[in-house]
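Source file: structure.txt (compact mmCIF, N, CA and C atoms)
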```txt
# COMPACT_ATOMS: atom_id res chain seq x y z
N MET F 29 8.23 22.14 6.69
CA MET F 29 7.98 20.94 5.92
C MET F 29 8.77 19.79 6.55
N ALA F 30 8.11 18.64 6.71
CA ALA F 30 8.74 17.46 7.29
C ALA F 30 9.72 16.85 6.31
N ALA F 31 10.81 16.32 6.84
CA ALA F 31 11.80 15.65 5.99
C ALA F 31 11.20 14.37 5.44
N LYS F 32 11.50 14.08 4.20
CA LYS F 32 11.01 12.86 3.56
C LYS F 32 11.89 11.69 3.99
N SER F 33 11.25 10.57 4.31
CA SER F 33 12.00 9.37 4.71
C SER F 33 12.75 8.81 3.52
N PRO F 34 13.97 8.29 3.75
CA PRO F 34 14.69 7.62 2.68
C PRO F 34 13.98 6.31 2.34
N VAL F 35 14.25 5.79 1.15
CA VAL F 35 13.57 4.61 0.65
C VAL F 35 14.57 3.53 0.30
N ALA F 36 14.26 2.29 0.70
CA ALA F 36 15.08 1.13 0.35
C ALA F 36 14.18 0.09 -0.31
N LEU F 37 14.72 -0.62 -1.28
CA LEU F 37 14.04 -1.75 -1.91
C LEU F 37 14.88 -2.99 -1.64
N ILE F 38 14.27 -3.96 -0.98
CA ILE F 38 14.96 -5.21 -0.66
C ILE F 38 14.38 -6.28 -1.58
N ILE F 39 15.22 -6.82 -2.43
CA ILE F 39 14.79 -7.86 -3.37
C ILE F 39 15.26 -9.21 -2.83
N GLY F 40 14.30 -10.09 -2.61
CA GLY F 40 14.63 -11.40 -2.07
C GLY F 40 14.70 -11.36 -0.56
N ALA F 41 13.59 -11.08 0.06
CA ALA F 41 13.56 -10.91 1.51
C ALA F 41 13.12 -12.19 2.19
N GLY F 42 14.04 -13.11 2.32
CA GLY F 42 13.75 -14.38 2.98
C GLY F 42 13.69 -14.24 4.49
N PRO F 43 13.48 -15.35 5.18
CA PRO F 43 13.27 -15.30 6.62
C PRO F 43 14.53 -15.01 7.44
N ASN F 44 15.68 -15.07 6.87
CA ASN F 44 16.91 -14.87 7.65
C ASN F 44 17.56 -13.54 7.31
N ILE F 45 18.45 -13.53 6.34
CA ILE F 45 19.18 -12.31 5.99
C ILE F 45 18.23 -11.22 5.53
N GLY F 46 17.30 -11.55 4.67
CA GLY F 46 16.38 -10.55 4.15
C GLY F 46 15.61 -9.84 5.24
N GLN F 47 15.07 -10.58 6.19
CA GLN F 47 14.31 -9.98 7.29
C GLN F 47 15.20 -9.12 8.18
N SER F 48 16.42 -9.55 8.39
CA SER F 48 17.36 -8.75 9.19
C SER F 48 17.66 -7.42 8.51
N VAL F 49 17.83 -7.46 7.21
CA VAL F 49 18.10 -6.23 6.44
C VAL F 49 16.90 -5.29 6.51
N ILE F 50 15.71 -5.84 6.37
CA ILE F 50 14.49 -5.03 6.45
C ILE F 50 14.40 -4.33 7.81
N ARG F 51 14.59 -5.09 8.87
CA ARG F 51 14.51 -4.51 10.22
C ARG F 51 15.54 -3.41 10.44
N LYS F 52 16.74 -3.62 9.93
CA LYS F 52 17.81 -2.63 10.10
C LYS F 52 17.46 -1.32 9.40
N PHE F 53 17.03 -1.40 8.14
CA PHE F 53 16.66 -0.18 7.43
C PHE F 53 15.45 0.49 8.07
N ALA F 54 14.46 -0.28 8.47
CA ALA F 54 13.28 0.29 9.12
C ALA F 54 13.66 1.00 10.42
N SER F 55 14.59 0.43 11.16
CA SER F 55 15.02 1.05 12.43
C SER F 55 15.74 2.38 12.20
N LYS F 56 16.25 2.59 11.00
CA LYS F 56 16.94 3.84 10.66
C LYS F 56 16.00 4.84 9.99
N GLY F 57 14.69 4.53 9.95
CA GLY F 57 13.71 5.47 9.43
C GLY F 57 13.39 5.33 7.95
N TYR F 58 13.87 4.27 7.32
CA TYR F 58 13.59 4.06 5.90
C TYR F 58 12.17 3.54 5.69
N LYS F 59 11.56 3.96 4.59
CA LYS F 59 10.39 3.29 4.04
C LYS F 59 10.97 2.13 3.23
N VAL F 60 10.42 0.94 3.38
CA VAL F 60 11.04 -0.24 2.79
C VAL F 60 10.07 -0.95 1.85
N GLY F 61 10.50 -1.14 0.61
CA GLY F 61 9.80 -2.00 -0.33
C GLY F 61 10.41 -3.38 -0.23
N VAL F 62 9.56 -4.38 -0.07
CA VAL F 62 10.02 -5.76 0.11
C VAL F 62 9.46 -6.59 -1.03
N ALA F 63 10.35 -7.08 -1.88
CA ALA F 63 9.92 -7.87 -3.03
C ALA F 63 10.46 -9.29 -2.89
N ALA F 64 9.53 -10.25 -2.81
CA ALA F 64 9.92 -11.65 -2.65
C ALA F 64 8.73 -12.54 -2.97
N ARG F 65 9.03 -13.80 -3.22
CA ARG F 65 7.95 -14.75 -3.48
C ARG F 65 7.10 -14.98 -2.24
N SER F 66 7.71 -14.90 -1.07
CA SER F 66 7.05 -15.31 0.17
C SER F 66 6.24 -14.22 0.87
N VAL F 67 6.28 -12.98 0.40
CA VAL F 67 5.55 -11.92 1.11
C VAL F 67 4.10 -11.84 0.67
N LYS F 68 3.27 -11.32 1.57
CA LYS F 68 1.85 -11.12 1.28
C LYS F 68 1.57 -9.63 1.22
N GLU F 69 1.00 -9.20 0.13
CA GLU F 69 0.72 -7.77 -0.04
C GLU F 69 -0.18 -7.25 1.08
N ALA F 70 -1.09 -8.07 1.56
CA ALA F 70 -2.01 -7.66 2.62
C ALA F 70 -1.30 -7.32 3.92
N ASP F 71 -0.07 -7.79 4.09
CA ASP F 71 0.70 -7.50 5.31
C ASP F 71 1.49 -6.19 5.23
N SER F 72 1.30 -5.43 4.17
CA SER F 72 1.99 -4.14 4.02
C SER F 72 1.53 -3.17 5.10
N THR F 73 2.41 -2.22 5.43
CA THR F 73 2.09 -1.19 6.42
C THR F 73 2.37 0.18 5.78
N ASP F 74 2.24 1.23 6.58
CA ASP F 74 2.53 2.58 6.07
C ASP F 74 4.00 2.75 5.71
N SER F 75 4.87 1.97 6.34
CA SER F 75 6.31 2.12 6.09
C SER F 75 6.94 0.92 5.39
N GLN F 76 6.13 -0.10 5.11
CA GLN F 76 6.65 -1.28 4.40
C GLN F 76 5.65 -1.72 3.35
N LEU F 77 6.11 -1.79 2.10
CA LEU F 77 5.28 -2.24 0.99
C LEU F 77 5.74 -3.63 0.58
N ASN F 78 4.87 -4.62 0.75
CA ASN F 78 5.19 -5.98 0.35
C ASN F 78 4.73 -6.22 -1.08
N ILE F 79 5.65 -6.71 -1.90
CA ILE F 79 5.37 -6.92 -3.32
C ILE F 79 5.68 -8.38 -3.66
N PRO F 80 4.66 -9.22 -3.77
CA PRO F 80 4.92 -10.60 -4.19
C PRO F 80 5.56 -10.60 -5.57
N SER F 81 6.71 -11.27 -5.70
CA SER F 81 7.48 -11.21 -6.94
C SER F 81 8.19 -12.52 -7.21
N ASP F 82 8.33 -12.80 -8.49
CA ASP F 82 9.13 -13.94 -8.96
C ASP F 82 10.16 -13.36 -9.91
N PHE F 83 11.40 -13.24 -9.46
CA PHE F 83 12.40 -12.54 -10.25
C PHE F 83 12.97 -13.33 -11.42
N SER F 84 12.38 -14.49 -11.70
CA SER F 84 12.70 -15.16 -12.95
C SER F 84 11.88 -14.53 -14.08
N LYS F 85 10.94 -13.66 -13.71
CA LYS F 85 10.10 -12.95 -14.68
C LYS F 85 10.53 -11.48 -14.73
N THR F 86 10.98 -11.04 -15.89
CA THR F 86 11.46 -9.67 -16.06
C THR F 86 10.42 -8.64 -15.62
N GLU F 87 9.16 -8.89 -15.93
CA GLU F 87 8.12 -7.92 -15.59
C GLU F 87 7.97 -7.75 -14.08
N ASP F 88 8.29 -8.77 -13.29
CA ASP F 88 8.22 -8.62 -11.84
C ASP F 88 9.32 -7.70 -11.30
N VAL F 89 10.47 -7.70 -11.94
CA VAL F 89 11.55 -6.79 -11.55
C VAL F 89 11.11 -5.35 -11.80
N ILE F 90 10.61 -5.10 -12.98
CA ILE F 90 10.14 -3.76 -13.35
C ILE F 90 9.00 -3.33 -12.43
N ASN F 91 8.06 -4.23 -12.18
CA ASN F 91 6.92 -3.94 -11.31
C ASN F 91 7.36 -3.56 -9.90
N ALA F 92 8.34 -4.26 -9.35
CA ALA F 92 8.81 -3.95 -7.99
C ALA F 92 9.32 -2.52 -7.91
N PHE F 93 10.16 -2.12 -8.86
CA PHE F 93 10.67 -0.75 -8.86
C PHE F 93 9.55 0.26 -9.05
N ASP F 94 8.64 0.00 -9.98
CA ASP F 94 7.54 0.93 -10.24
C ASP F 94 6.64 1.10 -9.01
N ARG F 95 6.33 0.01 -8.32
CA ARG F 95 5.45 0.09 -7.16
C ARG F 95 6.09 0.84 -6.01
N VAL F 96 7.38 0.59 -5.77
CA VAL F 96 8.07 1.31 -4.70
C VAL F 96 8.16 2.80 -5.03
N LYS F 97 8.49 3.11 -6.26
CA LYS F 97 8.58 4.52 -6.67
C LYS F 97 7.24 5.22 -6.48
N LYS F 98 6.16 4.56 -6.86
CA LYS F 98 4.83 5.16 -6.73
C LYS F 98 4.42 5.33 -5.27
N ALA F 99 4.73 4.35 -4.42
CA ALA F 99 4.30 4.39 -3.01
C ALA F 99 5.18 5.29 -2.15
N PHE F 100 6.50 5.22 -2.35
CA PHE F 100 7.43 5.90 -1.43
C PHE F 100 8.38 6.89 -2.11
N GLY F 101 8.59 6.74 -3.40
CA GLY F 101 9.58 7.54 -4.11
C GLY F 101 10.70 6.64 -4.62
N ILE F 102 11.66 7.24 -5.27
CA ILE F 102 12.78 6.49 -5.84
C ILE F 102 13.66 5.93 -4.73
N PRO F 103 13.95 4.63 -4.76
CA PRO F 103 14.80 4.07 -3.71
C PRO F 103 16.23 4.60 -3.80
N SER F 104 16.76 4.98 -2.65
CA SER F 104 18.16 5.41 -2.61
C SER F 104 19.08 4.23 -2.33
N VAL F 105 18.48 3.12 -1.88
CA VAL F 105 19.22 1.89 -1.61
C VAL F 105 18.45 0.72 -2.20
N VAL F 106 19.15 -0.15 -2.92
CA VAL F 106 18.57 -1.40 -3.42
C VAL F 106 19.48 -2.53 -2.97
N VAL F 107 18.89 -3.50 -2.28
CA VAL F 107 19.64 -4.67 -1.82
C VAL F 107 19.12 -5.87 -2.59
N TYR F 108 20.00 -6.53 -3.33
CA TYR F 108 19.62 -7.75 -4.05
C TYR F 108 20.06 -8.95 -3.23
N ASN F 109 19.07 -9.61 -2.66
CA ASN F 109 19.33 -10.79 -1.84
C ASN F 109 18.62 -12.00 -2.45
N GLY F 110 18.38 -11.91 -3.75
CA GLY F 110 17.67 -12.99 -4.44
C GLY F 110 18.54 -14.22 -4.57
N GLU F 111 17.88 -15.32 -4.74
CA GLU F 111 18.58 -16.59 -4.88
C GLU F 111 18.24 -17.18 -6.24
N SER F 112 19.22 -17.72 -6.85
CA SER F 112 19.01 -18.41 -8.11
C SER F 112 19.57 -19.81 -7.97
N ALA F 113 18.74 -20.75 -8.23
CA ALA F 113 19.20 -22.13 -8.11
C ALA F 113 18.72 -22.93 -9.31
N SER F 114 19.53 -23.80 -9.75
CA SER F 114 19.12 -24.72 -10.79
C SER F 114 19.67 -26.09 -10.44
N LEU F 115 18.85 -27.06 -10.66
CA LEU F 115 19.26 -28.42 -10.35
C LEU F 115 19.57 -29.14 -11.66
N ARG F 116 20.67 -29.87 -11.66
CA ARG F 116 21.03 -30.63 -12.85
C ARG F 116 21.03 -32.11 -12.50
N ALA F 117 20.59 -32.86 -13.45
CA ALA F 117 20.64 -34.31 -13.26
C ALA F 117 22.09 -34.75 -13.38
N THR F 118 22.46 -35.66 -12.54
CA THR F 118 23.82 -36.19 -12.60
C THR F 118 23.76 -37.68 -12.85
N ARG F 119 24.80 -38.19 -13.43
CA ARG F 119 24.86 -39.63 -13.68
C ARG F 119 25.37 -40.34 -12.43
N ALA F 120 24.81 -41.44 -12.17
CA ALA F 120 25.28 -42.26 -11.05
C ALA F 120 26.58 -42.93 -11.46
N ILE F 121 27.52 -42.93 -10.58
CA ILE F 121 28.79 -43.60 -10.85
C ILE F 121 28.71 -44.99 -10.25
N ILE F 122 28.89 -45.98 -11.09
CA ILE F 122 28.79 -47.36 -10.63
C ILE F 122 30.15 -47.98 -10.53
```

With the file now loaded, output its structure as structure tokens.
Amino acid sequence: MAAKSPVALIIGAGPNIGQSVIRKFASKGYKVGVAARSVKEADSTDSQLNIPSDFSKTEDVINAFDRVKKAFGIPSVVVYNGESASLRATRAII
């Protein structure tokens, strides 16, 4: 019986750190679930599942875990690289 590949879920896979993390885990033989606003599900491969997600929505968090578990199994590694930003209006100082 062939050994099962380990599974990683990367949350917030942007073009810099997120992509580097994905490549590193993939190079070590991991099946990688990638959850981010910027990914396209159609670009998924046999070893990478792209899950378009908006983590300001609780159901998207749950969906990402459920989809990775169904496709590859339970992730042994989860990397949270999500960004949270809020802009506040400021008063001009005169």

Tell me, counting only N, CA and C atoms, for each residue of segment 37-63 of chain F within 6.5 Å of segment 96-105 of chain F, which pair of atoms is nearest and how far apart they are in Å to one decimal, in rows ordered by chain and increasing number, as JSON lines.
```
{"residue": "F:Leu37", "atom": "N", "partner": "F:Val105", "partner_atom": "C", "distance": 4.1}
{"residue": "F:Ile38", "atom": "N", "partner": "F:Val105", "partner_atom": "C", "distance": 6.4}
{"residue": "F:Gly61", "atom": "CA", "partner": "F:Val96", "partner_atom": "CA", "distance": 5.7}
```

**Request:** as a ChimeraX atom specification, list the residues of chain F assigned to helix (DSSP H, G or I) by DSSP on the backbone atoms of this structure.
**Result:** /F:45-55,69-71,86-99

**Request:** Using all atoms listed in the file, find the one residue out of F:Pro34, F:Pro43, F:Ser84, F:Ile79 that sits nearest to Ala63 of chain F.
**Result:** F:Ile79

**Prompt:** What separation in Å, quoted to one decimal, exists between atom N of Asp88 of chain F and atom CA of Lys68 of chain F?
**Reply:**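 The value is 16.1 Å.
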
**Point-to-point distance in Å for atom CA of Ile90 of chain F and atom CA of Val62 of chain F** =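 Separation between atom CA of Val62 of chain F and atom CA of Ile90 of chain F: 13.6 Å.
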
**Request:** Could you jot down the atom N of Ile39 of chain F to atom C of Lys56 of chain F separation for me, Å, one decimal place?
**Result:**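 These atoms are spaced 17.1 Å apart.
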
**Message:** Please identify the strand (DSSP E or B) residues within chain F (assignment by DSSP from backbone atoms) and present them as a list of chain:residue names.
**Reply:**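 Selection result, strand (DSSP E or B) within chain F: F:Val35, F:Ala36, F:Leu37, F:Ile38, F:Ile39, F:Lys59, F:Val60, F:Gly61, F:Val62, F:Ala63, F:Ala64, F:Gln76, F:Leu77, F:Asn78, F:Ile79, F:Pro80, F:Val105, F:Val106, F:Val107, F:Tyr108.
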
**Item:** Proximity to Lys52 of chain F - best of F:Gly110, F:Asp71, F:Phe83, F:Ala36, only C-alpha atoms
**Value:** F:Ala36

**Nearest residue to Ser33 of chain F from the set F:Lys59, F:Lys85, F:Arg95, F:Arg65 (distances using only N, CA and C atoms)** =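 Ranking F:Lys59, F:Lys85, F:Arg95, F:Arg65 by distance to Ser33 of chain F, first place goes to F:Lys59.
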